[in-house]
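One file, coords.txt, is given below (compact mmCIF, C-alpha atoms and all ligand atoms).
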```txt
# COMPACT_ATOMS: atom_id res chain seq x y z
CA MET T 28 -4.46 -3.35 -0.49
CA SER T 29 -1.37 -5.30 -1.50
CA GLU T 30 -0.71 -8.86 -0.43
CA GLU T 31 2.17 -7.71 1.85
CA THR T 32 0.10 -5.11 3.63
CA ARG T 33 -2.58 -7.66 4.27
CA ARG T 34 -0.03 -10.11 5.63
CA LEU T 35 1.31 -7.35 7.87
CA GLU T 36 -2.14 -6.67 9.21
CA ARG T 37 -2.64 -10.27 10.08
CA THR T 38 0.55 -10.22 12.16
CA PRO T 39 -0.27 -11.89 15.48
CA ILE T 40 1.29 -9.30 17.78
CA LEU T 41 -0.07 -10.70 21.02
CA PRO T 42 1.35 -14.25 20.65
CA LEU T 43 4.70 -12.74 19.69
CA VAL T 44 4.73 -10.58 22.80
CA VAL T 45 3.86 -13.58 24.96
CA ILE T 46 6.64 -15.65 23.37
CA GLY T 47 9.05 -12.74 23.86
CA VAL T 48 8.22 -12.27 27.52
CA LEU T 49 8.50 -16.01 28.19
CA ALA T 50 11.79 -16.36 26.30
CA SER T 51 13.21 -13.34 28.11
CA ALA T 52 12.18 -14.66 31.49
CA ILE T 53 13.75 -18.05 30.76
CA GLY T 54 16.88 -16.44 29.31
CA ILE T 55 17.31 -14.14 32.30
CA ALA T 56 16.76 -17.02 34.72
CA ILE T 57 19.39 -19.13 32.97
CA GLY T 58 21.75 -16.15 32.76
CA LEU T 59 21.46 -15.52 36.48
CA VAL T 60 21.72 -19.17 37.50
CA ILE T 61 24.92 -19.87 35.54
CA ASP T 62 28.04 -19.39 37.62
CA TRP T 63 29.95 -17.19 35.20
CA PHE T 64 32.81 -16.30 37.47
CA PRO T 65 35.31 -18.01 39.74
CA THR T 66 35.10 -17.54 43.53
CA ASP T 67 34.89 -13.91 44.53
CA ALA T 68 37.84 -13.02 46.70
CA SER T 69 37.78 -9.23 47.00
CA ILE T 70 35.40 -6.51 48.11
CA GLN T 71 35.48 -5.32 44.48
CA ALA T 72 34.03 -8.59 43.20
CA LYS T 73 30.44 -8.30 44.45
CA PRO T 74 29.60 -4.92 42.88
CA ILE T 75 31.10 -6.10 39.58
CA ASP T 76 29.11 -9.33 39.67
CA ASN T 77 25.95 -7.33 40.37
CA LEU T 78 26.73 -5.11 37.40
CA TYR T 79 27.00 -8.22 35.25
CA ASP T 80 23.66 -9.43 36.52
CA LEU T 81 22.07 -6.14 35.54
CA MET T 82 23.64 -6.40 32.08
CA ILE T 83 22.19 -9.88 31.68
CA ILE T 84 18.75 -8.68 32.78
CA LEU T 85 18.84 -5.84 30.25
CA SER T 86 20.51 -7.56 27.34
CA VAL T 87 18.56 -10.82 27.21
CA PRO T 88 15.28 -9.06 26.24
CA VAL T 89 17.14 -7.08 23.56
CA PHE T 90 18.48 -10.31 22.12
CA VAL T 91 15.02 -11.90 22.31
CA VAL T 92 13.24 -8.97 20.61
CA VAL T 93 15.75 -8.82 17.77
CA THR T 94 15.72 -12.59 17.27
CA ILE T 95 11.93 -12.84 17.28
CA ILE T 96 11.54 -10.02 14.77
CA VAL T 97 14.21 -11.46 12.48
CA LEU T 98 12.84 -15.01 12.60
CA PHE T 99 9.22 -13.87 12.29
CA SER T 100 9.98 -11.62 9.33
CA ALA T 101 12.00 -14.26 7.54
CA TRP T 102 9.13 -16.64 7.89
CA LYS T 103 6.15 -14.32 7.39
CA PHE T 104 7.47 -12.09 4.62
CA ARG T 105 9.50 -14.65 2.72
CA MET T 106 9.21 -14.68 -1.04
CA ARG T 107 6.71 -17.18 -2.36
CA PRO T 108 6.60 -18.82 -5.79
CA GLY T 109 5.36 -16.29 -8.33
CA GLU T 110 6.53 -13.27 -6.35
CA GLU T 111 10.02 -13.16 -7.88
CA GLN T 112 9.24 -9.99 -9.84
CA LEU T 113 7.32 -8.18 -7.13
CA ASP T 114 8.70 -5.25 -5.18
CA GLY T 115 7.88 -4.85 -1.49
CA PRO T 116 5.28 -2.34 -0.38
CA PRO T 117 6.53 1.27 -0.26
CA ILE T 118 7.11 2.19 3.38
CA HIS T 119 7.12 5.77 4.55
CA GLY T 120 8.33 5.16 8.04
CA ASN T 121 6.49 5.19 11.29
CA THR T 122 7.30 8.08 13.59
CA LYS T 123 5.82 6.51 16.67
CA LEU T 124 7.83 3.33 16.16
CA GLU T 125 11.05 5.25 15.56
CA VAL T 126 10.61 7.30 18.71
CA VAL T 127 10.08 4.11 20.68
CA TRP T 128 13.08 2.28 19.26
CA THR T 129 15.33 5.26 19.90
CA ALA T 130 14.02 6.05 23.36
CA ILE T 131 14.21 2.55 24.81
CA PRO T 132 17.85 1.85 23.91
CA ALA T 133 18.77 5.37 25.03
CA LEU T 134 17.13 4.71 28.36
CA VAL T 135 18.90 1.35 28.69
CA LEU T 136 22.22 3.06 27.97
CA VAL T 137 21.61 5.81 30.50
CA VAL T 138 20.71 3.27 33.18
CA LEU T 139 23.78 1.12 32.43
CA CYS T 140 26.17 4.08 32.27
CA SER T 141 24.90 5.55 35.52
CA TYR T 142 25.04 2.26 37.34
CA THR T 143 28.50 1.49 35.93
CA TYR T 144 29.70 4.88 37.08
CA VAL T 145 28.43 4.18 40.59
CA VAL T 146 30.15 0.79 40.66
CA LEU T 147 33.39 2.21 39.30
CA THR T 148 33.63 5.00 41.88
CA ASP T 149 32.72 2.49 44.55
CA ILE T 150 35.45 -0.05 43.70
CA GLU T 151 38.10 2.57 42.98
CA GLU T 152 37.58 4.47 46.19
CA ALA T 153 40.77 5.13 48.15
CA GLN T 154 41.01 3.08 51.33
CA ALA T 155 42.69 3.83 54.61
CA ASN T 156 45.88 1.89 55.33
CA GLU T 157 46.55 0.99 51.71
CA MET T 158 49.54 -1.17 50.95
CA ARG T 159 51.47 -0.46 47.78
CA ILE T 160 52.65 -3.31 45.60
CA ASN T 161 54.59 -2.77 42.40
CA VAL T 162 53.75 -5.25 39.69
CA THR T 163 56.05 -5.83 36.75
CA GLY T 164 55.05 -7.71 33.64
CA GLN T 165 57.59 -8.90 31.13
CA GLN T 166 57.70 -11.67 28.57
CA PHE T 167 56.59 -14.00 30.12
CA ALA T 168 56.34 -13.61 33.85
CA TRP T 169 54.98 -11.44 36.63
CA SER T 170 57.01 -10.18 39.54
CA TYR T 171 56.01 -8.21 42.60
CA GLU T 172 57.79 -5.70 44.75
CA TYR T 173 56.76 -4.66 48.24
CA PRO T 174 58.34 -1.30 49.09
CA GLN T 175 59.60 -1.19 52.69
CA ALA T 176 59.89 2.10 54.52
CA GLY T 177 63.60 2.77 54.96
CA GLY T 178 64.73 -0.56 53.57
CA LYS T 179 65.17 -2.65 50.49
CA PRO T 180 61.91 -3.62 48.82
CA VAL T 181 60.91 -7.23 49.13
CA ARG T 182 60.64 -9.03 45.79
CA SER T 183 58.63 -12.08 44.99
CA THR T 184 57.25 -14.00 42.05
CA THR T 185 54.28 -15.13 44.11
CA LEU T 186 51.79 -12.45 45.01
CA TYR T 187 51.34 -12.65 48.79
CA LEU T 188 48.46 -10.59 50.13
CA PRO T 189 47.14 -10.19 53.65
CA LYS T 190 43.41 -10.76 53.95
CA ASP T 191 41.24 -7.66 54.39
CA ARG T 192 44.10 -5.24 53.81
CA PRO T 193 43.48 -2.76 50.97
CA VAL T 194 46.16 -3.00 48.32
CA ARG T 195 46.99 -0.66 45.50
CA PHE T 196 48.84 -2.19 42.58
CA TYR T 197 51.20 -0.06 40.51
CA VAL T 198 51.57 -1.96 37.28
CA LYS T 199 54.25 -1.57 34.65
CA ALA T 200 55.58 -3.48 31.68
CA LEU T 201 59.20 -3.79 30.63
CA ASP T 202 58.77 -4.88 27.05
CA VAL T 203 55.36 -5.11 25.40
CA LEU T 204 51.73 -4.72 26.51
CA HIS T 205 50.59 -7.15 29.17
CA ASP T 206 47.49 -7.14 31.32
CA PHE T 207 47.51 -7.83 35.04
CA TRP T 208 44.43 -9.83 35.91
CA VAL T 209 43.39 -11.79 38.97
CA PRO T 210 40.00 -13.23 37.97
CA ALA T 211 39.04 -13.95 41.59
CA PHE T 212 39.43 -10.23 42.35
CA ARG T 213 37.60 -9.30 39.11
CA MET T 214 40.04 -6.46 38.49
CA LYS T 215 42.41 -6.12 35.58
CA VAL T 216 44.47 -3.41 33.97
CA ASP T 217 46.83 -3.16 31.03
CA ALA T 218 50.53 -3.07 31.81
CA VAL T 219 51.89 -0.55 29.33
CA PRO T 220 55.58 0.11 28.66
CA GLY T 221 56.41 3.65 29.75
CA ILE T 222 53.47 4.32 32.04
CA THR T 223 52.27 3.07 35.39
CA THR T 224 48.69 1.92 35.66
CA ARG T 225 46.97 1.13 38.93
CA TYR T 226 44.07 -0.43 40.64
CA ARG T 227 42.85 -1.24 44.08
CA VAL T 228 41.85 -4.51 45.59
CA THR T 229 40.96 -5.62 49.08
CA PRO T 230 41.20 -9.41 49.31
CA THR T 231 38.46 -10.93 51.43
CA ARG T 232 38.98 -14.66 51.16
CA LEU T 233 41.95 -16.81 52.15
CA GLY T 234 43.15 -18.98 49.31
CA THR T 235 45.30 -19.36 46.25
CA TYR T 236 44.18 -17.74 43.01
CA PRO T 237 45.63 -17.61 39.51
CA VAL T 238 47.17 -14.42 38.17
CA VAL T 239 46.80 -14.25 34.42
CA CYS T 240 48.14 -12.10 31.61
CA ALA T 241 45.09 -10.95 29.67
CA GLU T 242 46.85 -9.34 26.73
CA LEU T 243 48.29 -11.39 23.90
CA CYS T 244 51.97 -10.57 24.41
CA GLY T 245 53.94 -13.13 22.45
CA LEU T 246 54.63 -16.80 22.13
CA GLY T 247 54.69 -17.43 25.88
CA HIS T 248 51.49 -15.49 26.60
CA ALA T 249 49.56 -18.59 27.62
CA VAL T 250 52.14 -19.46 30.28
CA MET T 251 52.41 -15.93 31.63
CA ARG T 252 50.82 -16.89 34.91
CA SER T 253 51.56 -16.54 38.53
CA THR T 254 49.84 -17.16 41.83
CA ALA T 255 48.14 -14.88 44.32
CA LYS T 256 48.10 -16.18 47.88
CA VAL T 257 45.75 -14.47 50.27
CA VAL T 258 46.97 -15.27 53.76
CA THR T 259 46.17 -14.09 57.27
CA PRO T 260 47.83 -10.80 58.27
CA ALA T 261 50.01 -12.72 60.75
CA ASP T 262 51.18 -15.14 58.05
CA PHE T 263 51.81 -12.23 55.75
CA ASP T 264 53.93 -10.45 58.34
CA SER T 265 56.02 -13.53 58.98
CA TRP T 266 56.44 -14.11 55.24
CA LEU T 267 57.57 -10.51 54.86
CA ALA T 268 59.99 -10.80 57.78
CA GLU T 269 61.40 -13.98 56.28
CA GLN T 270 62.01 -12.23 52.98
CA GLN T 271 63.70 -9.31 54.69
CA ALA T 272 66.04 -11.52 56.68
CA PRO T 273 69.39 -11.87 54.93
CA ALA T 274 69.45 -14.87 52.62
CA GLY T 275 70.49 -17.90 54.63
CA GLY T 276 73.92 -18.26 52.99
CA ALA T 277 76.88 -18.76 55.33
CA ASP T 278 78.49 -15.38 54.84
CA THR T 279 81.62 -13.92 56.37
CA GLY T 280 81.06 -14.05 60.11
CA ALA T 281 77.94 -12.87 61.84
CA GLY T 282 76.61 -9.33 61.61
CA ALA T 283 79.08 -6.48 61.12
CA SER T 284 77.97 -5.83 57.57
CA ASP T 285 77.49 -2.11 57.05
CA GLY T 286 73.83 -1.38 56.29
CA ASP T 287 73.18 -1.50 52.58
CA LYS T 288 73.28 2.22 51.99
CA GLY T 289 74.53 2.36 48.42
CA THR T 290 77.40 -0.03 48.94
CA LYS T 291 77.27 -2.89 46.48
CA ALA T 292 77.30 -6.26 48.12
CA PRO T 293 80.53 -7.91 46.99
CA GLU T 294 79.06 -11.39 47.31
CA ILE T 295 76.71 -12.36 44.49
CA ASP T 296 73.72 -14.23 45.77
CA ALA T 297 72.88 -16.63 42.96
CA LYS T 298 69.95 -18.12 44.81
CA THR T 299 68.26 -14.72 45.05
CA ILE T 300 68.98 -14.00 41.39
CA PHE T 301 67.37 -17.32 40.58
CA ALA T 302 64.33 -16.82 42.79
CA GLU T 303 63.77 -13.08 42.37
CA GLY T 304 65.99 -11.73 39.63
CA ASN T 305 68.64 -9.07 40.14
CA GLY T 306 66.29 -6.12 39.72
CA THR T 307 66.66 -6.10 35.94
CA SER T 308 66.69 -9.75 35.05
CA ILE T 309 63.51 -11.75 35.15
CA ALA T 310 63.46 -14.35 37.91
CA CYS T 311 64.30 -17.87 36.75
CA GLY T 312 61.99 -19.11 39.48
CA ALA T 313 59.04 -17.50 37.73
CA CYS T 314 59.26 -20.39 35.26
CA HIS T 315 61.47 -23.10 36.74
CA THR T 316 61.12 -25.44 39.66
CA LEU T 317 64.28 -25.63 41.75
CA ALA T 318 64.02 -27.20 45.18
CA ASP T 319 66.98 -25.34 46.65
CA ALA T 320 65.53 -21.96 45.70
CA GLY T 321 62.05 -22.95 46.79
CA THR T 322 60.45 -22.24 43.42
CA SER T 323 57.77 -24.41 41.88
CA SER T 324 56.62 -23.02 38.53
CA GLN T 325 56.13 -25.54 35.73
CA THR T 326 56.42 -23.19 32.76
CA GLY T 327 59.94 -24.40 32.01
CA PRO T 328 61.67 -27.71 32.74
CA GLU T 329 62.12 -28.77 36.35
CA LEU T 330 65.78 -27.98 36.79
CA ASP T 331 66.31 -30.47 39.62
CA LYS T 332 65.51 -33.17 37.09
CA VAL T 333 66.79 -31.97 33.72
CA LEU T 334 70.15 -30.63 34.90
CA LYS T 335 71.27 -33.89 36.51
CA GLY T 336 74.72 -34.66 35.17
CA LYS T 337 74.92 -31.58 32.92
CA ASP T 338 78.13 -29.58 32.81
CA ALA T 339 78.68 -25.87 33.32
CA ASP T 340 78.92 -25.23 29.58
CA PHE T 341 75.53 -26.71 28.94
CA ILE T 342 73.98 -24.68 31.76
CA LYS T 343 75.61 -21.48 30.62
CA THR T 344 74.53 -21.91 27.01
CA SER T 345 71.01 -22.81 28.14
CA ILE T 346 70.81 -19.46 29.94
CA THR T 347 72.44 -17.17 27.41
CA ASP T 348 71.12 -18.84 24.29
CA PRO T 349 67.90 -20.67 25.17
CA GLU T 350 67.13 -21.37 21.52
CA ALA T 351 70.39 -23.26 20.95
CA GLU T 352 68.68 -26.39 22.12
CA ILE T 353 65.03 -26.58 23.03
CA ALA T 354 64.36 -28.83 26.02
CA GLU T 355 62.22 -31.82 25.12
CA GLY T 356 58.51 -31.31 25.64
CA PHE T 357 58.87 -27.52 25.81
CA GLN T 358 58.54 -24.67 23.38
CA GLY T 359 61.22 -22.29 22.24
CA GLY T 360 60.64 -18.55 22.46
CA ILE T 361 59.41 -18.52 26.04
CA MET T 362 62.58 -18.26 28.06
CA PRO T 363 63.97 -14.70 27.82
CA LYS T 364 66.84 -14.42 25.36
CA ASN T 365 68.48 -11.42 27.00
CA TYR T 366 70.16 -12.91 30.07
CA ALA T 367 73.56 -12.19 28.59
CA ASP T 368 72.55 -8.51 28.91
CA THR T 369 70.46 -8.45 32.07
CA LEU T 370 72.94 -10.50 34.12
CA SER T 371 76.50 -9.30 34.61
CA PRO T 372 79.18 -11.84 33.61
CA GLU T 373 79.92 -12.37 37.31
CA GLU T 374 76.25 -12.96 38.09
CA LEU T 375 75.98 -15.36 35.20
CA ASP T 376 79.00 -17.34 36.40
CA ALA T 377 77.67 -17.38 39.94
CA LEU T 378 74.32 -18.65 38.67
CA VAL T 379 75.94 -21.38 36.57
CA LYS T 380 78.08 -22.44 39.54
CA TYR T 381 75.06 -22.41 41.84
CA LEU T 382 72.98 -24.54 39.46
CA GLY T 383 75.93 -26.89 39.01
CA GLU T 384 75.99 -27.37 42.78
CA VAL T 385 72.31 -27.65 43.63
CA ALA T 386 70.85 -29.24 40.50
CA ALA T 387 73.47 -30.93 38.32
CA LYS T 388 75.04 -33.11 40.99
C1 LIG A 1 59.57 -17.01 31.11
C2 LIG A 1 59.94 -18.33 31.55
C3 LIG A 1 61.40 -18.67 31.81
C4 LIG A 1 62.31 -17.96 32.54
C5 LIG A 1 62.09 -16.64 33.25
C6 LIG A 1 63.52 -18.73 32.53
N1 LIG A 1 63.34 -19.87 31.81
FE1 LIG A 1 64.72 -21.32 31.55
N2 LIG A 1 63.46 -22.25 30.26
C7 LIG A 1 62.15 -21.90 30.02
C8 LIG A 1 61.60 -22.81 29.05
C9 LIG A 1 60.16 -22.78 28.50
C10 LIG A 1 62.61 -23.72 28.72
C11 LIG A 1 62.51 -24.88 27.75
C12 LIG A 1 62.67 -24.43 26.33
C13 LIG A 1 64.10 -24.12 25.98
O1 LIG A 1 64.94 -25.00 26.15
O2 LIG A 1 64.36 -22.99 25.54
C14 LIG A 1 63.77 -23.34 29.50
C15 LIG A 1 65.00 -24.00 29.49
C16 LIG A 1 66.01 -23.80 30.42
C17 LIG A 1 67.17 -24.64 30.56
C18 LIG A 1 67.50 -25.85 29.72
C19 LIG A 1 66.90 -27.09 30.29
C20 LIG A 1 67.15 -28.28 29.40
O3 LIG A 1 66.91 -29.39 29.86
O4 LIG A 1 67.59 -28.09 28.26
C21 LIG A 1 67.90 -24.13 31.59
C22 LIG A 1 69.21 -24.67 32.16
C23 LIG A 1 67.21 -22.96 32.06
N3 LIG A 1 66.07 -22.79 31.33
C24 LIG A 1 67.66 -22.16 33.09
C25 LIG A 1 67.09 -20.93 33.38
C26 LIG A 1 67.70 -19.96 34.27
C27 LIG A 1 68.99 -20.17 35.05
C28 LIG A 1 66.90 -18.87 34.25
C29 LIG A 1 67.14 -17.55 34.96
C30 LIG A 1 68.37 -16.89 34.69
C31 LIG A 1 65.76 -19.18 33.40
N4 LIG A 1 65.93 -20.43 32.87
C32 LIG A 1 64.68 -18.34 33.18
C33 LIG A 1 61.47 -20.84 30.58
C34 LIG A 1 62.06 -19.86 31.35
CU CU A 2 51.80 -10.91 28.93
```
Can the structure from this file be put into structure tokens for me?
Amino acid sequence: MSEETRRLERTPILPLVVIGVLASAIGIAIGLVIDWFPTDASIQAKPIDNLYDLMIILSVPVFVVVTIIVLFSAWKFRMRPGEEQLDGPPIHGNTKLEVVWTAIPALVLVVLCSYTYVVLTDIEEAQANEMRINVTGQQFAWSYEYPQAGGKPVRSTTLYLPKDRPVRFYVKALDVLHDFWVPAFRMKVDAVPGITTRYRVTPTRLGTYPVVCAELCGLGHAVMRSTAKVVTPADFDSWLAEQQAPAGGADTGAGASDGDKGTKAPEIDAKTIFAEGNGTSIACGACHTLADAGTSSQTGPELDKVLKGKDADFIKTSITDPEAEIAEGFQGGIMPKNYADTLSPEELDALVKYLGEVAAK
């Protein structure tokens, strides 16, 4: 009997099993105690968190078994002085062992796949009274559109959601891959140019939660964030009504405007372009704070502050050629460079004039 075979036979299986069981129990306990996720704010969150718990329970013992065998073998079967020229014992395999190490992982996989399937059908189930929200990702901001039966959709750069109302997001990307993720809802999906992806969420907790882009999409990826506000249905309705009301500008006399059936509004509403975009252009408010437009993002400079005393030329160049001069303390490459294309010359002039009035003075 060779030295190795003898060493193998002296392998203390029982202590190893005891160590393994203990380490697994401790590992699982730690894994379950750690708060891996932010607050759960949707009915989809609980089943997903439970799935994670099951994964922890199943994967910790796998990690422990592999680690123990590796460490034990490295210690027990290490080469000793004088053994440099020796070959290991010839091994012809062990059918019983191979059956076991194939069957157990297969079983684990079957359990995980089945359970995952159950969770997936559960969280993707269609709900009654679903509200549709169109989500658009573009470098580097999110915008949301709430279709209104028989009217203009409401646009926003903050994601307002009524509590307990099922929502279905229709997600698209205008330029490159993005990924629409609200960690508190646990759901995320890629935004892919050319196709519409979707998912469902029913918010269950009032509050404000971050919306994150989870796909590296360019220089401004890290600032591609927005906010989800889960509010009471009453607050949501009044928010929606507020958005639908004509923008508070003093227009030509009261009423009398023909409904907006296809006729282009002659007046350009620079404040709306700033806060929501013109339908093609990305909203300035997604990145800039401007008190008059009620926007508060900090991705770009606070325009109320930095535009003080600046002239129209400076403002115009800053919009059409953001790289011409990079604002102090900020990075180039984040502000879209295509405003000269996505805004008409009239819209651009209106925007420059508007900023000159509300921010530069
Ligand atoms: C995706 C985010 C983003 C969007 C959308 C965006 N900006 Fe910017 N903007 C920035 C960043 C970041 C800077 C600072 C870096 C630079 O100067 O290019 C900046 C700089 C500016 C500046 C120059 C400020 C200074 O002190 O030099 C102005 C003016 C400006 N933006 C106006 C606008 C307007 C108007 C719009 C909408 C038409 C807009 N921005 C859309 C991110 C954005
Ligand atoms: Cu992105």
Residues within 10 Å of Ala168 in chain T, please, as a PDB file with C-alpha atoms, in the frame of the given file. Count all atoms listed in the file; anything in the same chain fewer than 6 positions from it doesn't count.
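The resulting file, out20.pdb, is reproduced below:
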```pdb
ATOM      1  CA  THR T 184      57.250 -14.000  42.050  1.00  0.00           C
ATOM      2  CA  HIS T 205      50.590  -7.150  29.170  1.00  0.00           C
ATOM      3  CA  VAL T 239      46.800 -14.250  34.420  1.00  0.00           C
ATOM      4  CA  CYS T 240      48.140 -12.100  31.610  1.00  0.00           C
ATOM      5  CA  GLY T 247      54.690 -17.430  25.880  1.00  0.00           C
ATOM      6  CA  HIS T 248      51.490 -15.490  26.600  1.00  0.00           C
ATOM      7  CA  VAL T 250      52.140 -19.460  30.280  1.00  0.00           C
ATOM      8  CA  MET T 251      52.410 -15.930  31.630  1.00  0.00           C
ATOM      9  CA  ARG T 252      50.820 -16.890  34.910  1.00  0.00           C
ATOM     10  CA  SER T 253      51.560 -16.540  38.530  1.00  0.00           C
ATOM     11  CA  ILE T 309      63.510 -11.750  35.150  1.00  0.00           C
ATOM     12  CA  ALA T 310      63.460 -14.350  37.910  1.00  0.00           C
ATOM     13  CA  CYS T 311      64.300 -17.870  36.750  1.00  0.00           C
ATOM     14  CA  GLY T 312      61.990 -19.110  39.480  1.00  0.00           C
ATOM     15  CA  ALA T 313      59.040 -17.500  37.730  1.00  0.00           C
ATOM     16  CA  CYS T 314      59.260 -20.390  35.260  1.00  0.00           C
ATOM     17  CA  THR T 326      56.420 -23.190  32.760  1.00  0.00           C
ATOM     18  CA  ILE T 361      59.410 -18.520  26.040  1.00  0.00           C
ATOM     19  CA  MET T 362      62.580 -18.260  28.060  1.00  0.00           C
ATOM     20  CA  PRO T 363      63.970 -14.700  27.820  1.00  0.00           C
TER      21      PRO T 363
END
```
message: Restricting the calculation to all atoms listed in the file: of T:Ile118, T:Val258, T:Val228, T:Val209, which residue gets closest to Pro65 in chain T?
response: T:Val209
Which residues of chain T have any atom within 8 Å of an atom in ligand LIG 1 (chain A) when counting only C-alpha atoms and all ligand atoms, and what is the closest pair of atoms for each, with the distance in Å to one decimal? Order the rows by chain and rising number and write it as CSV.
```
residue,atom,partner,partner_atom,distance
T:Gln166,CA,A:LIG1,C1,6.2
T:Phe167,CA,A:LIG1,C1,4.3
T:Ala168,CA,A:LIG1,C1,5.4
T:Gly247,CA,A:LIG1,C1,7.2
T:Val250,CA,A:LIG1,C1,7.9
T:Met251,CA,A:LIG1,C1,7.3
T:Ile300,CA,A:LIG1,C30,7.3
T:Phe301,CA,A:LIG1,C29,5.6
T:Gly304,CA,A:LIG1,C30,7.5
T:Ser308,CA,A:LIG1,C30,7.3
T:Ile309,CA,A:LIG1,C5,5.4
T:Ala310,CA,A:LIG1,C5,5.4
T:Cys311,CA,A:LIG1,C29,3.4
T:Gly312,CA,A:LIG1,C5,6.7
T:Ala313,CA,A:LIG1,C5,5.5
T:Cys314,CA,A:LIG1,C2,4.3
T:His315,CA,A:LIG1,N1,6.2
T:Thr326,CA,A:LIG1,C9,5.7
T:Gly327,CA,A:LIG1,C8,3.7
T:Pro328,CA,A:LIG1,C10,5.7
T:Glu329,CA,A:LIG1,C19,7.9
T:Leu330,CA,A:LIG1,C22,6.6
T:Val333,CA,A:LIG1,O3,4.6
T:Leu334,CA,A:LIG1,O3,6.1
T:Phe341,CA,A:LIG1,C22,7.4
T:Ile342,CA,A:LIG1,C22,4.8
T:Lys343,CA,A:LIG1,C22,7.3
T:Thr344,CA,A:LIG1,C22,7.9
T:Ser345,CA,A:LIG1,C22,4.8
T:Ile346,CA,A:LIG1,C24,5.2
T:Pro349,CA,A:LIG1,O2,4.2
T:Glu350,CA,A:LIG1,O2,5.1
T:Ala351,CA,A:LIG1,O2,7.6
T:Glu352,CA,A:LIG1,O1,5.7
T:Ile353,CA,A:LIG1,O1,3.5
T:Ala354,CA,A:LIG1,O1,3.9
T:Glu355,CA,A:LIG1,O3,7.1
T:Gly356,CA,A:LIG1,C11,7.9
T:Phe357,CA,A:LIG1,C11,4.9
T:Gln358,CA,A:LIG1,C12,5.1
T:Gly359,CA,A:LIG1,O2,4.6
T:Gly360,CA,A:LIG1,O2,6.6
T:Ile361,CA,A:LIG1,C9,5.0
T:Met362,CA,A:LIG1,C34,3.7
T:Pro363,CA,A:LIG1,C1,6.0
T:Tyr366,CA,A:LIG1,C30,6.4
T:Leu370,CA,A:LIG1,C30,7.9
T:Leu375,CA,A:LIG1,C30,7.8
T:Leu378,CA,A:LIG1,C27,6.6
T:Val379,CA,A:LIG1,C27,7.2
T:Leu382,CA,A:LIG1,C27,7.4
```
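For the choices T:Val219, T:Val138, T:Leu147, T:Ile95, the atom-to-atom distance to ligand CU 2 (chain A) is smallest for T:Val219 when using only C-alpha atoms and all ligand atoms.
In terms of minimum interatomic distance to ligand CU 2 (chain A), T:Lys199 ranks closest within T:Arg227, T:Lys364, T:Lys199, T:Arg232, counting only C-alpha atoms and all ligand atoms.
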- request: Mind giving me the straight-line distance from CA of Asp296 in chain T to CA of Asp376 in chain T in Å, one decimal?
  value: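 Computing it gives 11.2 Å between the two atoms.
Ranking T:Asp62, T:Glu125, T:Asp191, T:Asp202 by their shortest atom-to-atom distance to ligand CU 2 (chain A), with all atoms listed in the file included, puts T:Asp202 first.
CA of Leu98 in chain T to CA of Ala133 in chain T spans 24.6 Å [interatomic distance, one decimal].
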Close residues, Ser51 in chain T itself excluded, 7 Å, only C-alpha atoms, min 5 positions apart in chain, as a ChimeraX atom specification: /T:87-88,91
- prompt: So which residues touch range 148-162 of chain T within 6 Å, counting all atoms listed in the file, skipping near sequence neighbours fewer than 3 positions away, as a ChimeraX atom specification?
  reply: /T:71,145,170-173,193-198
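Distance check against ligand CU 2 (chain A) using only C-alpha atoms and all ligand atoms: of T:Tyr144, T:Tyr381, T:Trp63, T:Trp169, the minimum falls on T:Trp169.
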- prompt: Between CA of Asp338 in chain T and CA of Ala320 in chain T, what is the distance, to one decimal in Å?
  reply: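 Going from CA of Asp338 in chain T over to CA of Ala320 in chain T, I get 19.6 Å.
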